[in-house]
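Undergrad: Pasting a structure here, questions to come.
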Amino acid sequence: MLDSSTSPRARLFATLSSTTPLVVLQGNRFAGKTVLARSWLLSGAEPDAIVVPMTAPAGTSTPDEYWTDVLSAVHARTGATRPERGPASFQTLCSLFSALQHQIVLILDAVDRIHGIEPHVAALLDLCPHLRVLVTTRTTGKWQQVTDTAADRTILSATELACTDVETATILNAAAVPQSQRTVQWITRRTTGLPALIDAVRESLQQHSAGSLEIVVDDLDKLVDDSIDRAVLRALDDPDLTPLRRSILASSTLTALPEESSNIERSDFALSGVSDIVAFTHTMIAAGFLDPSPDTGEDGYPRKWCYPEPVRASLRRIAEDRHPTDLRATETATIDALLHAGKPHAALTYAIDGGQWERALHIVDEHWTTLYTGGFLDTLGAALVERIPAEIADTHPTSRAIRRLHRQFSAPRDVPVVTAEPDVADGIGPEPAEVVMRAVMLRIDGRFLEAAKACDAASDHPLPVFDELDEHTRNAYAFYYLHVGITYLLVDRTDDATAMFRRAHVAGTGTFIERDAAGKLALTSAMEGALVDTHSWIAEERRHPPPPGDSEKLVRTAGCVAAALAALDELEPDTALDILTELGTPADNEEFWAYVLYTRGHHALLTGMPTDGLRFVESHLQRYPTLRTGGHSATLIDTVLADLHLACGNPERAEDLIATSTHPSAVPVRARARLLAADSAGAQQIVDRWYFPTSVGPVRTSMELAVLGAATAAALDDVDAARRHLERAVTLSRHTGMLRPFVLLPSASQIALADLGVELPLDLNRTARNFATFPVYRPMLTLTARERAVLDALLTGKTITAIAASHFVSANTVKTQLRSLYRKLGVHNRKDAVAAARRLHLD
């Protein structure tokens with residue numbers, strides 16, 4: 001009797017010895033089901049029960065014949081008297097079990113050979129409460145339906161039956177085979193823990209190690225492969241498989257086989273020498289060569305089956321050696337069928353698996369836009385970069401570009417990546433694929449202006465008539481226009497970007513690009529402040545279903561940011577937060593990171609949490625410092641940081657961020673800084689300089705300046721000018737739907753605007769309470785005694801001569817003191833100095 005505690009499969013013995021009425025061991029022929037059941041039986045794990053083991057039934061056994069054999073075995077083990085004549089065997093067996101009071105364990109091996117056995121086992125379990133049944137099977141069957149509750153059954157799959165590293169080590173130890181931890185782990189990995197394959201490796205190691213592991217370590221891979229091949233060849237000696245041997249070997253190129261004819265769409269599968277692939281699949285299931293695929297049908301049962309990976313690899317090695325022509329024919333036919341079915345991802349995988357490099361490159365050239373929709377970098381990048389030989393890929397412009405893209409996108413943003421210089425002169429022409437690859441490479445490298453220049457060189461080509469193009473060419477143009485638009489947007493050429501996105505939207509009709517372009521058009525509209533257009537494009541984007549897999553992450557950011565910005569402009573911060581929360585943290589390769597941070601910062605500003613906003617933005621800038629090294633991203637980040645600093649009471653830091661900026665979006669921030677510093681005249685000068693004679697920049701900037709102009713004029717008691725500015729702001733609000741510019745002011749300024757008598761689209765008295773975005777802070781004035789005396793004299797209306805005479809100093813000395821006083825008050829003349837002093841309650 002075996003010591004169950006030291007058995008390699010002791011981990012599973014506890015499950016087999018449990019009180020669960022039904023235990024099912026389900027897996028392929030290499031999963032060690034029968035050996036496990038026998039080992040458990042030999043361990044004496046059920047000393048108080050009558051154990052009735054049944055060997056695998058003959059392939060020709062009928063259900064009646066099988067139950068007759070079971071009845072005979074039960075009679076033999078229990079000693080019960082068997083009637084000479086009576087009803088059918090199964091009914092007799094039921095009667096016998098219902099009468100027995102002793103604990104019984106019935107072990108039924110290879111029950112998949114008996115049709116419809118599950119209801120019979122269920123009937124036996126219902127009749128005999130003392131009965132436990134352990135079955136082994138190669139098929140999934142309907143064992144889930146045998147018992148009423150899941151607690152009454154345990155089903156162990158091939159994955160659960162697989163050996164662990166510890167169990168592999170125990171198997172080798174029991175055979176006195178030298179080993180190391182690395183060797184054990186490698187054997188388990190290469191065999192995926194399939195017990196029959198591990199045993200084949202153990203046998204080879206016993207023959208070749210001769211007591212020394214060092215003899216075989218260097219050749220371990222070959223030894224493991226040879227061992228698996230011998231085990232697989234022995235399995236192929238099954239008489240039922242001999243006629244199909246060549247087809248089986250050729251089928252190793254297929255990643256999955258269909259269980260039902262309904263799963264075969266437009267001949268996704270093509271197998272040389274097989275006319276009925278479903279029948280072939282069922283034969284291979286019965287032979288124990290296939291496991292259920294992780295993909296299941298709607299009814300919960302697997303509809304596709306696949307070879308265990310080490311078995312598939314072995315069949316492929318054998319096919320390469322013995323029948324390479326059949327293998328290539330199946331591979332080529334399958335690739336053709338998949339391309340015909342519109343599945344270039346799968347076709348590319350088959351081409352790469354088979355080492356058909358030229359075919360793989362051809363698929364990339366012909367289907368690169370479709371491949372992008374299902375995971376561009378994962379499929380093209382990893383596959384081509386890692387597996388296509390360099391001497392082949394380096395001669396192919398698209399593959400060479402993809403290699404660079406993959407290296408950049410796969411590296412974290414905070415890890416510098418050294419990249420090769422993009423091809424500038426040779427190999428880059430006006431073809432859409434080449435322009436896109438080059439532009440994206442330059443963008444990744446932070447060379448936005450060069451990327452835009454590369455796009456300019458090709459964008460001068462005449463606009464094609466899309467309806468006259470074939471589908472592939474039209475999709476290529478759509479993808480090209482999309483990325484040219486992204487490039488222009490990232491260099492702040494908004495009008496050019498919008499034109500390209502519109503082209504992409506039209507050319508990409510019916511593809512993911514149509515949705516992607518709509519999202520980016522929503523973003524350009526939202527940044528401009530055109531909310532009517534923003535909502536229109538958001539609705540257009542949302543009518544499209546999300547693209548498959550990780551592609552959704554590549555295309556959703558622009559639309560989410562646009563929707564969040566629109567919600568902020570409509571004073572709905574909770575809606576904006578919901579959208580930003582759903583978006584989550586973008587991936588490291590997200591090119592619109594700056595737009596996300598910009599929106600996050602403005603949400604914090606609107607909700608009165610500028611410190612949290614600063615912390616959020618600056619923490620990400622520490623990780624991704626390149627966000628401020630070029631393109632429009634730097635402007636976005638600097639302006640939102642400046643506003644956050646203003647809201648936190650750090651005007652000097654805000655001024656430093658935008659002091660040298662000439663971008664229109666920095667102008668309102670600069671004017672707001674002066675207004676908050678009680679320098680209304682200085683704010684008015686900024687507004688007038690940029691606002692007249694014509695407005696500069698997007699409508700968002702125009703409206704912000706109109707509101708700021710009204711606030712500064714009101715502070716200077718110029719009511720007429722304040723009303724003119726405010727009326728213009730109201731008109732822009734009605735045209736665009738924006739409300740937020742009205743609240744980007746201190747509460748006192750909002751209330752002052754409410755008192756001007758202009759009909760407003762919102763209640764500024766209420767918003768002053770709910771959206772106190774910016775505080776009113778006064779500059780720290782440290783006046784000398786002489787400056788204070790001069791100021792007091794100014795407030796009484798004295799002239800410079802009178803001030804000099806009363807203080808017994810020269811007029812020039814008074815003028816010097818006045819210049820110092822003006823500088824501290826932030827004014828330029830006597831009148832403004834008096835106004836500032838009274839505003840600051842210095843009178």
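Just remember, in the structure tokens the first chain shown is A, the second B, etc., residues are 1-based per chain, and ligands are 1-based in the order shown.
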So which residues touch Ala714 in chain A within 12 Å, counting only C-alpha atoms, skipping near sequence neighbours fewer than 2 positions away, as an NGL selection string?
TA: :A and (675 or 680-681 or 683-684 or 707-712 or 716-726 or 748-756)
Undergrad: Could the residues in this selection be written to a file with N, CA and C atoms, as a compact mmCIF listing (two decimals), in the first residue's frame?
TA:
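Contents of selection.txt, as written:
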```txt
# COMPACT_ATOMS: atom_id res chain seq x y z
N LEU A 675 -6.40 91.62 -11.72
CA LEU A 675 -7.67 91.96 -11.05
C LEU A 675 -7.65 91.47 -9.61
N SER A 680 -6.88 96.97 -10.94
CA SER A 680 -7.92 96.98 -11.98
C SER A 680 -7.45 97.68 -13.23
N ALA A 681 -6.67 98.73 -13.07
CA ALA A 681 -6.18 99.45 -14.25
C ALA A 681 -5.26 98.56 -15.06
N ALA A 683 -5.33 95.28 -15.15
CA ALA A 683 -6.16 94.27 -15.79
C ALA A 683 -6.86 94.85 -17.01
N GLN A 684 -7.32 96.09 -16.88
CA GLN A 684 -8.02 96.72 -18.01
C GLN A 684 -7.08 96.91 -19.20
N VAL A 707 -15.86 89.08 -19.86
CA VAL A 707 -16.27 89.06 -18.45
C VAL A 707 -15.26 89.84 -17.60
N LEU A 708 -13.96 89.60 -17.86
CA LEU A 708 -12.92 90.29 -17.11
C LEU A 708 -12.96 91.80 -17.39
N GLY A 709 -13.24 92.15 -18.64
CA GLY A 709 -13.37 93.57 -18.97
C GLY A 709 -14.50 94.22 -18.19
N ALA A 710 -15.62 93.50 -18.06
CA ALA A 710 -16.75 94.04 -17.29
C ALA A 710 -16.37 94.18 -15.82
N ALA A 711 -15.65 93.20 -15.28
CA ALA A 711 -15.27 93.25 -13.87
C ALA A 711 -14.30 94.38 -13.59
N THR A 712 -13.33 94.58 -14.49
CA THR A 712 -12.35 95.65 -14.26
C THR A 712 -12.99 97.04 -14.42
N LEU A 716 -13.43 100.07 -11.61
CA LEU A 716 -12.96 101.43 -11.85
C LEU A 716 -14.11 102.42 -11.96
N ASP A 717 -15.31 101.94 -11.60
CA ASP A 717 -16.52 102.78 -11.60
C ASP A 717 -16.90 103.27 -12.99
N ASP A 718 -16.49 102.54 -14.04
CA ASP A 718 -16.89 102.88 -15.41
C ASP A 718 -18.06 101.97 -15.78
N VAL A 719 -19.26 102.38 -15.34
CA VAL A 719 -20.43 101.53 -15.48
C VAL A 719 -20.78 101.26 -16.93
N ASP A 720 -20.70 102.28 -17.78
CA ASP A 720 -21.06 102.10 -19.19
C ASP A 720 -20.16 101.06 -19.85
N ALA A 721 -18.85 101.17 -19.64
CA ALA A 721 -17.92 100.20 -20.22
C ALA A 721 -18.17 98.81 -19.66
N ALA A 722 -18.48 98.73 -18.36
CA ALA A 722 -18.75 97.43 -17.74
C ALA A 722 -19.95 96.78 -18.39
N ARG A 723 -21.00 97.56 -18.65
CA ARG A 723 -22.20 96.99 -19.28
C ARG A 723 -21.92 96.54 -20.71
N ARG A 724 -21.12 97.32 -21.46
CA ARG A 724 -20.81 96.92 -22.84
C ARG A 724 -20.07 95.57 -22.85
N HIS A 725 -19.08 95.46 -22.00
CA HIS A 725 -18.35 94.19 -21.91
C HIS A 725 -19.28 93.05 -21.50
N LEU A 726 -20.11 93.29 -20.52
CA LEU A 726 -20.97 92.23 -19.99
C LEU A 726 -22.00 91.80 -21.03
N ALA A 748 -17.08 88.98 -4.91
CA ALA A 748 -17.47 90.40 -4.96
C ALA A 748 -17.63 90.88 -6.38
N SER A 749 -16.76 90.44 -7.27
CA SER A 749 -16.85 90.84 -8.68
C SER A 749 -18.10 90.26 -9.33
N GLN A 750 -18.46 89.01 -8.97
CA GLN A 750 -19.67 88.42 -9.53
C GLN A 750 -20.90 89.22 -9.09
N ILE A 751 -20.93 89.60 -7.82
CA ILE A 751 -22.07 90.38 -7.31
C ILE A 751 -22.13 91.76 -7.97
N ALA A 752 -20.95 92.33 -8.22
CA ALA A 752 -20.91 93.65 -8.86
C ALA A 752 -21.48 93.57 -10.27
N LEU A 753 -21.17 92.48 -10.99
CA LEU A 753 -21.72 92.31 -12.34
C LEU A 753 -23.23 92.11 -12.29
N ALA A 754 -23.70 91.40 -11.26
CA ALA A 754 -25.14 91.17 -11.13
C ALA A 754 -25.90 92.48 -10.94
N ASP A 755 -25.22 93.48 -10.41
CA ASP A 755 -25.89 94.76 -10.12
C ASP A 755 -25.85 95.74 -11.29
N LEU A 756 -25.31 95.31 -12.44
CA LEU A 756 -25.19 96.23 -13.57
C LEU A 756 -26.49 96.37 -14.36
```
Undergrad: Which of range 432-643 of chain A counts as alpha helix (DSSP H) under DSSP, as a PyMOL selection string please?
TA: chain A and resi 432-444+448-459+471-490+494-507+512-528+531-542+551-569+573-583+593-606+610-623+631-643
Undergrad: With a distance cut-off of 9 Å and only C-alpha atoms, select the neighbouring residues of range 290-294 of chain A, excluding the residue or stretch itself and same-chain residues fewer than 5 positions from it, and output the selection as a list in words.
TA: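 Everything that qualifies: Gly27, Asn28, Arg29, Arg138, Thr139, Thr140, Ala158, Ala256, Leu257, Thr281, Met284, Ile285, Tyr301, Pro302, Arg303, Lys304, Trp305, Cys306, Tyr307 and Pro308 of chain A.
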Undergrad: Generate a file of the selected residues that holds C-alpha atoms, formatted as a short mmCIF file (atom, residue, chain, number, x, y, z; two decimals), in the first residue's frame.
TA:
```cif
data_model
loop_
_atom_site.label_atom_id
_atom_site.label_comp_id
_atom_site.auth_asym_id
_atom_site.auth_seq_id
_atom_site.Cartn_x
_atom_site.Cartn_y
_atom_site.Cartn_z
CA GLY A 27 -9.18 16.28 -19.04
CA ASN A 28 -7.19 15.14 -22.04
CA ARG A 29 -5.36 11.80 -22.25
CA ARG A 138 -12.09 13.15 -21.65
CA THR A 139 -15.18 15.21 -22.43
CA THR A 140 -17.09 17.80 -20.44
CA ALA A 158 -7.02 19.37 -16.70
CA ALA A 256 -8.77 25.90 -32.14
CA LEU A 257 -11.18 23.35 -33.62
CA THR A 281 -12.92 17.51 -33.87
CA MET A 284 -9.91 14.09 -31.52
CA ILE A 285 -11.98 14.83 -28.40
CA TYR A 301 -20.73 24.76 -22.94
CA PRO A 302 -17.48 24.93 -24.87
CA ARG A 303 -17.93 25.14 -28.61
CA LYS A 304 -14.29 25.17 -29.57
CA TRP A 305 -11.50 22.85 -28.54
CA CYS A 306 -7.75 23.19 -28.64
CA TYR A 307 -4.67 21.06 -28.22
CA PRO A 308 -2.77 21.45 -24.94
#
```
Undergrad: Write out as an mmCIF file with all heavy atoms, in the first residue's frame the residues lying within 10 Å of Ala478 in chain A, counting only C-alpha atoms and excluding same-chain residues fewer than 6 positions away.
TA:
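To be explicit, this is the file written out as selection_28.cif:
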```
data_model
loop_
_atom_site.group_PDB
_atom_site.id
_atom_site.type_symbol
_atom_site.label_atom_id
_atom_site.label_comp_id
_atom_site.auth_asym_id
_atom_site.auth_seq_id
_atom_site.Cartn_x
_atom_site.Cartn_y
_atom_site.Cartn_z
ATOM 1 N N THR A 369 -4.887 49.172 -41.325
ATOM 2 C CA THR A 369 -5.913 49.983 -40.650
ATOM 3 C C THR A 369 -6.868 49.100 -39.852
ATOM 4 O O THR A 369 -7.275 49.440 -38.748
ATOM 5 C CB THR A 369 -6.707 50.805 -41.680
ATOM 6 O OG1 THR A 369 -7.155 49.951 -42.726
ATOM 7 C CG2 THR A 369 -5.846 51.893 -42.264
ATOM 8 N N PRO A 432 -0.040 57.192 -47.194
ATOM 9 C CA PRO A 432 -0.611 57.421 -45.867
ATOM 10 C C PRO A 432 0.099 56.644 -44.766
ATOM 11 O O PRO A 432 0.387 57.199 -43.699
ATOM 12 C CB PRO A 432 -2.066 56.958 -46.033
ATOM 13 C CG PRO A 432 -2.364 57.188 -47.471
ATOM 14 C CD PRO A 432 -1.077 56.877 -48.197
ATOM 15 N N PHE A 466 -13.858 59.951 -52.030
ATOM 16 C CA PHE A 466 -13.885 58.753 -51.198
ATOM 17 C C PHE A 466 -14.777 57.659 -51.771
ATOM 18 O O PHE A 466 -14.478 56.466 -51.668
ATOM 19 C CB PHE A 466 -14.336 59.102 -49.777
ATOM 20 C CG PHE A 466 -13.398 60.041 -49.075
ATOM 21 C CD1 PHE A 466 -13.881 61.156 -48.407
ATOM 22 C CD2 PHE A 466 -12.034 59.824 -49.083
ATOM 23 C CE1 PHE A 466 -13.028 62.027 -47.757
ATOM 24 C CE2 PHE A 466 -11.165 60.688 -48.436
ATOM 25 C CZ PHE A 466 -11.657 61.787 -47.773
ATOM 26 N N HIS A 472 -10.233 49.294 -48.680
ATOM 27 C CA HIS A 472 -8.908 49.353 -48.048
ATOM 28 C C HIS A 472 -8.277 50.739 -48.205
ATOM 29 O O HIS A 472 -7.777 51.322 -47.239
ATOM 30 C CB HIS A 472 -8.000 48.285 -48.652
ATOM 31 C CG HIS A 472 -6.552 48.502 -48.325
ATOM 32 N ND1 HIS A 472 -6.065 48.385 -47.041
ATOM 33 C CD2 HIS A 472 -5.499 48.858 -49.110
ATOM 34 C CE1 HIS A 472 -4.765 48.645 -47.044
ATOM 35 N NE2 HIS A 472 -4.405 48.935 -48.281
ATOM 36 N N VAL A 484 -2.976 62.895 -38.951
ATOM 37 C CA VAL A 484 -2.537 64.241 -39.306
ATOM 38 C C VAL A 484 -3.277 65.251 -38.420
ATOM 39 O O VAL A 484 -2.675 66.212 -37.913
ATOM 40 C CB VAL A 484 -2.794 64.527 -40.797
ATOM 41 C CG1 VAL A 484 -2.538 65.996 -41.108
ATOM 42 C CG2 VAL A 484 -1.897 63.646 -41.666
ATOM 43 N N MET A 500 -8.915 68.189 -40.754
ATOM 44 C CA MET A 500 -8.464 66.813 -40.958
ATOM 45 C C MET A 500 -9.381 65.811 -40.257
ATOM 46 O O MET A 500 -9.667 64.741 -40.785
ATOM 47 C CB MET A 500 -7.021 66.658 -40.459
ATOM 48 C CG MET A 500 -6.009 67.346 -41.343
ATOM 49 S SD MET A 500 -6.011 66.633 -43.017
ATOM 50 C CE MET A 500 -5.003 67.842 -43.893
ATOM 51 N N PHE A 501 -9.837 66.161 -39.056
ATOM 52 C CA PHE A 501 -10.752 65.258 -38.350
ATOM 53 C C PHE A 501 -12.069 65.108 -39.125
ATOM 54 O O PHE A 501 -12.662 64.024 -39.147
ATOM 55 C CB PHE A 501 -11.031 65.777 -36.939
ATOM 56 C CG PHE A 501 -9.858 65.677 -36.001
ATOM 57 C CD1 PHE A 501 -9.661 66.636 -35.016
ATOM 58 C CD2 PHE A 501 -8.958 64.628 -36.101
ATOM 59 C CE1 PHE A 501 -8.589 66.544 -34.147
ATOM 60 C CE2 PHE A 501 -7.873 64.531 -35.235
ATOM 61 C CZ PHE A 501 -7.687 65.497 -34.255
ATOM 62 N N ARG A 502 -12.527 66.178 -39.745
ATOM 63 C CA ARG A 502 -13.753 66.093 -40.544
ATOM 64 C C ARG A 502 -13.538 65.169 -41.753
ATOM 65 O O ARG A 502 -14.411 64.372 -42.104
ATOM 66 C CB ARG A 502 -14.191 67.485 -41.004
ATOM 67 C CG ARG A 502 -14.782 68.345 -39.888
ATOM 68 C CD ARG A 502 -15.246 69.702 -40.400
ATOM 69 N NE ARG A 502 -15.827 70.507 -39.351
ATOM 70 C CZ ARG A 502 -17.103 70.444 -38.955
ATOM 71 N NH1 ARG A 502 -17.916 69.588 -39.551
ATOM 72 N NH2 ARG A 502 -17.546 71.224 -37.981
ATOM 73 N N ARG A 503 -12.369 65.270 -42.373
ATOM 74 C CA ARG A 503 -12.073 64.362 -43.486
ATOM 75 C C ARG A 503 -12.044 62.915 -42.997
ATOM 76 O O ARG A 503 -12.571 62.008 -43.653
ATOM 77 C CB ARG A 503 -10.723 64.719 -44.107
ATOM 78 C CG ARG A 503 -10.691 66.037 -44.863
ATOM 79 C CD ARG A 503 -9.336 66.205 -45.533
ATOM 80 N NE ARG A 503 -9.194 67.508 -46.181
ATOM 81 C CZ ARG A 503 -8.134 67.868 -46.891
ATOM 82 N NH1 ARG A 503 -7.125 67.020 -47.040
ATOM 83 N NH2 ARG A 503 -8.076 69.057 -47.446
ATOM 84 N N ALA A 504 -11.394 62.701 -41.844
ATOM 85 C CA ALA A 504 -11.302 61.343 -41.304
ATOM 86 C C ALA A 504 -12.686 60.796 -40.987
ATOM 87 O O ALA A 504 -12.970 59.609 -41.213
ATOM 88 C CB ALA A 504 -10.435 61.342 -40.046
ATOM 89 N N HIS A 505 -13.556 61.662 -40.480
ATOM 90 C CA HIS A 505 -14.902 61.221 -40.122
ATOM 91 C C HIS A 505 -15.675 60.766 -41.351
ATOM 92 O O HIS A 505 -16.404 59.761 -41.311
ATOM 93 C CB HIS A 505 -15.635 62.374 -39.418
ATOM 94 C CG HIS A 505 -16.979 62.002 -38.892
ATOM 95 N ND1 HIS A 505 -18.150 62.288 -39.565
ATOM 96 C CD2 HIS A 505 -17.350 61.349 -37.771
ATOM 97 C CE1 HIS A 505 -19.166 61.837 -38.877
ATOM 98 N NE2 HIS A 505 -18.713 61.267 -37.777
ATOM 99 N N VAL A 506 -15.510 61.487 -42.451
ATOM 100 C CA VAL A 506 -16.214 61.111 -43.691
ATOM 101 C C VAL A 506 -15.586 59.868 -44.318
ATOM 102 O O VAL A 506 -16.284 58.915 -44.682
ATOM 103 C CB VAL A 506 -16.199 62.283 -44.689
ATOM 104 C CG1 VAL A 506 -16.796 61.852 -46.023
ATOM 105 C CG2 VAL A 506 -16.961 63.478 -44.125
ATOM 106 N N ALA A 507 -14.250 59.876 -44.438
ATOM 107 C CA ALA A 507 -13.576 58.738 -45.070
ATOM 108 C C ALA A 507 -13.719 57.465 -44.248
ATOM 109 O O ALA A 507 -13.745 56.365 -44.795
ATOM 110 C CB ALA A 507 -12.096 59.050 -45.278
ATOM 111 N N GLY A 508 -13.836 57.597 -42.914
ATOM 112 C CA GLY A 508 -13.892 56.426 -42.043
ATOM 113 C C GLY A 508 -15.282 55.935 -41.750
ATOM 114 O O GLY A 508 -15.478 55.173 -40.794
ATOM 115 N N THR A 509 -16.256 56.337 -42.537
ATOM 116 C CA THR A 509 -17.639 55.910 -42.309
ATOM 117 C C THR A 509 -17.726 54.392 -42.173
ATOM 118 O O THR A 509 -17.231 53.645 -43.020
ATOM 119 C CB THR A 509 -18.543 56.370 -43.471
ATOM 120 O OG1 THR A 509 -18.493 57.796 -43.555
ATOM 121 C CG2 THR A 509 -19.978 55.912 -43.247
ATOM 122 N N THR A 511 -16.347 52.591 -39.795
ATOM 123 C CA THR A 511 -15.207 52.011 -39.087
ATOM 124 C C THR A 511 -15.029 52.709 -37.745
ATOM 125 O O THR A 511 -15.709 53.697 -37.448
ATOM 126 C CB THR A 511 -13.907 52.161 -39.895
ATOM 127 O OG1 THR A 511 -13.499 53.541 -39.881
ATOM 128 C CG2 THR A 511 -14.100 51.712 -41.335
ATOM 129 N N ILE A 513 -12.741 54.576 -36.990
ATOM 130 C CA ILE A 513 -12.172 55.907 -37.209
ATOM 131 C C ILE A 513 -13.276 56.953 -37.229
ATOM 132 O O ILE A 513 -13.082 58.091 -36.800
ATOM 133 C CB ILE A 513 -11.353 55.931 -38.515
ATOM 134 C CG1 ILE A 513 -10.176 54.963 -38.391
ATOM 135 C CG2 ILE A 513 -10.844 57.338 -38.826
ATOM 136 C CD1 ILE A 513 -9.364 54.806 -39.650
ATOM 137 N N GLU A 514 -14.451 56.581 -37.709
ATOM 138 C CA GLU A 514 -15.577 57.509 -37.703
ATOM 139 C C GLU A 514 -15.884 57.934 -36.269
ATOM 140 O O GLU A 514 -16.105 59.111 -35.986
ATOM 141 C CB GLU A 514 -16.805 56.850 -38.332
ATOM 142 C CG GLU A 514 -17.996 57.784 -38.471
ATOM 143 C CD GLU A 514 -19.186 57.108 -39.118
ATOM 144 O OE1 GLU A 514 -19.238 55.848 -39.131
ATOM 145 O OE2 GLU A 514 -20.077 57.824 -39.593
ATOM 146 N N ALA A 517 -12.757 60.016 -34.809
ATOM 147 C CA ALA A 517 -12.729 61.388 -35.326
ATOM 148 C C ALA A 517 -13.812 62.238 -34.662
ATOM 149 O O ALA A 517 -13.593 63.420 -34.360
ATOM 150 C CB ALA A 517 -12.912 61.376 -36.838
#
```
Undergrad: Quick one: everything within 12 Å of range 100-107 of chain A, counting only C-alpha atoms, minus sequence neighbours fewer than 5 positions away in the same chain. Send it as a PyMOL selection string.
TA: chain A and resi 16-25+33-34+36-38+40-41+45-56+70-71+73-75+77-80+93-95+121+124-125+127-137
Undergrad: Just the residues within 8 Å of range 170-175 of chain A, please, counting only C-alpha atoms, with nothing from its chain fewer than 6 positions along; format it as a ChimeraX atom specification.
TA: /A:7-8,199,202,206
Undergrad: Residues of the last selection are to be written out with C-alpha atoms, as a short mmCIF file (atom, residue, chain, number, x, y, z; two decimals), in the first residue's frame.
TA:
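The resulting file, out.cif, is shown below:
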```cif
data_model
loop_
_atom_site.label_atom_id
_atom_site.label_comp_id
_atom_site.auth_asym_id
_atom_site.auth_seq_id
_atom_site.Cartn_x
_atom_site.Cartn_y
_atom_site.Cartn_z
CA SER A 7 2.53 10.53 -2.94
CA PRO A 8 3.21 13.12 -5.65
CA ASP A 199 6.44 11.07 -16.59
CA ARG A 202 11.26 11.50 -16.00
CA GLN A 206 16.57 8.30 -15.78
#
```
Undergrad: Can you list, as a list in words, every protein, DNA or RNA residue that comes within 10 Å of Trp67 in chain A when you count only C-alpha atoms, leaving out same-chain residues fewer than 3 positions away?
TA: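 Listed by chain and then number, they are Ser61, Thr62, Pro63, Asp64, Val70, Leu71, Ser72, Ala73, Ala88, Ser89, Phe90, Gln91, Thr92, Leu93, Ile114, Ile117 and His120 of chain A.
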Undergrad: Nearest residue to Ala337 in chain A out of A:Thr767, A:Glu541, A:Lys453, A:Leu271, using only C-alpha atoms?
TA: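 Ranking A:Thr767, A:Glu541, A:Lys453, A:Leu271 by distance to Ala337 in chain A, first place goes to A:Leu271.
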Undergrad: So what do you get for CA of Arg556 in chain A versus CA of His735 in chain A, distance-wise?
TA: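 CA of His735 in chain A lies 27.3 Å from CA of Arg556 in chain A.
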Undergrad: In terms of the shortest atom-to-atom distance over only C-alpha atoms, which of A:Leu469, A:Ala768, A:Ala99, A:Ala452 is closest to Gly485 in chain A?
TA: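 Of A:Leu469, A:Ala768, A:Ala99, A:Ala452, the one nearest Gly485 in chain A is A:Ala452, counting only C-alpha atoms.
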Undergrad: Which distance in Å separates CA of Arg312 in chain A and CA of Thr191 in chain A, to one decimal?
TA: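 Separation of CA of Arg312 in chain A and CA of Thr191 in chain A: 11.2 Å.
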Undergrad: Identify which of the residues A:Ile248, A:Ala522, A:Ala678, A:Val809 lies closest to Phe289 in chain A, counting only C-alpha atoms when measuring atom-to-atom distances.
TA: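 Closest candidate: A:Ile248.
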Undergrad: DSSP on the backbone, then: every residue of range 83-133 of chain A marked strand (DSSP E or B), written as JSON, numbers by chain.
TA: {"A": [104, 105, 106, 107, 108, 131, 132, 133]}
Undergrad: Could those residues be written to a file, using N, CA and C atoms, as a PDB file, in the first residue's frame?
TA:
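part-v4.pdb, written as the output of this step:
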```
ATOM      1  N   ILE A 104     -20.112   2.603  -0.186  1.00  0.00           N
ATOM      2  CA  ILE A 104     -19.582   2.080  -1.445  1.00  0.00           C
ATOM      3  C   ILE A 104     -18.981   3.217  -2.256  1.00  0.00           C
ATOM      4  N   VAL A 105     -17.809   2.960  -2.847  1.00  0.00           N
ATOM      5  CA  VAL A 105     -17.179   3.900  -3.769  1.00  0.00           C
ATOM      6  C   VAL A 105     -17.063   3.223  -5.120  1.00  0.00           C
ATOM      7  N   LEU A 106     -17.708   3.806  -6.106  1.00  0.00           N
ATOM      8  CA  LEU A 106     -17.715   3.251  -7.458  1.00  0.00           C
ATOM      9  C   LEU A 106     -16.800   4.094  -8.340  1.00  0.00           C
ATOM     10  N   ILE A 107     -15.724   3.492  -8.860  1.00  0.00           N
ATOM     11  CA  ILE A 107     -14.765   4.208  -9.710  1.00  0.00           C
ATOM     12  C   ILE A 107     -15.006   3.796 -11.155  1.00  0.00           C
ATOM     13  N   LEU A 108     -15.443   4.742 -11.969  1.00  0.00           N
ATOM     14  CA  LEU A 108     -15.777   4.480 -13.371  1.00  0.00           C
ATOM     15  C   LEU A 108     -14.774   5.195 -14.267  1.00  0.00           C
ATOM     16  N   LEU A 131     -23.567   5.806  -1.396  1.00  0.00           N
ATOM     17  CA  LEU A 131     -22.748   5.643  -2.604  1.00  0.00           C
ATOM     18  C   LEU A 131     -21.986   6.927  -2.938  1.00  0.00           C
ATOM     19  N   ARG A 132     -20.698   6.758  -3.266  1.00  0.00           N
ATOM     20  CA  ARG A 132     -19.903   7.835  -3.864  1.00  0.00           C
ATOM     21  C   ARG A 132     -19.419   7.339  -5.217  1.00  0.00           C
ATOM     22  N   VAL A 133     -19.411   8.242  -6.214  1.00  0.00           N
ATOM     23  CA  VAL A 133     -18.991   7.869  -7.565  1.00  0.00           C
ATOM     24  C   VAL A 133     -17.829   8.757  -7.989  1.00  0.00           C
TER      25      VAL A 133
END
```
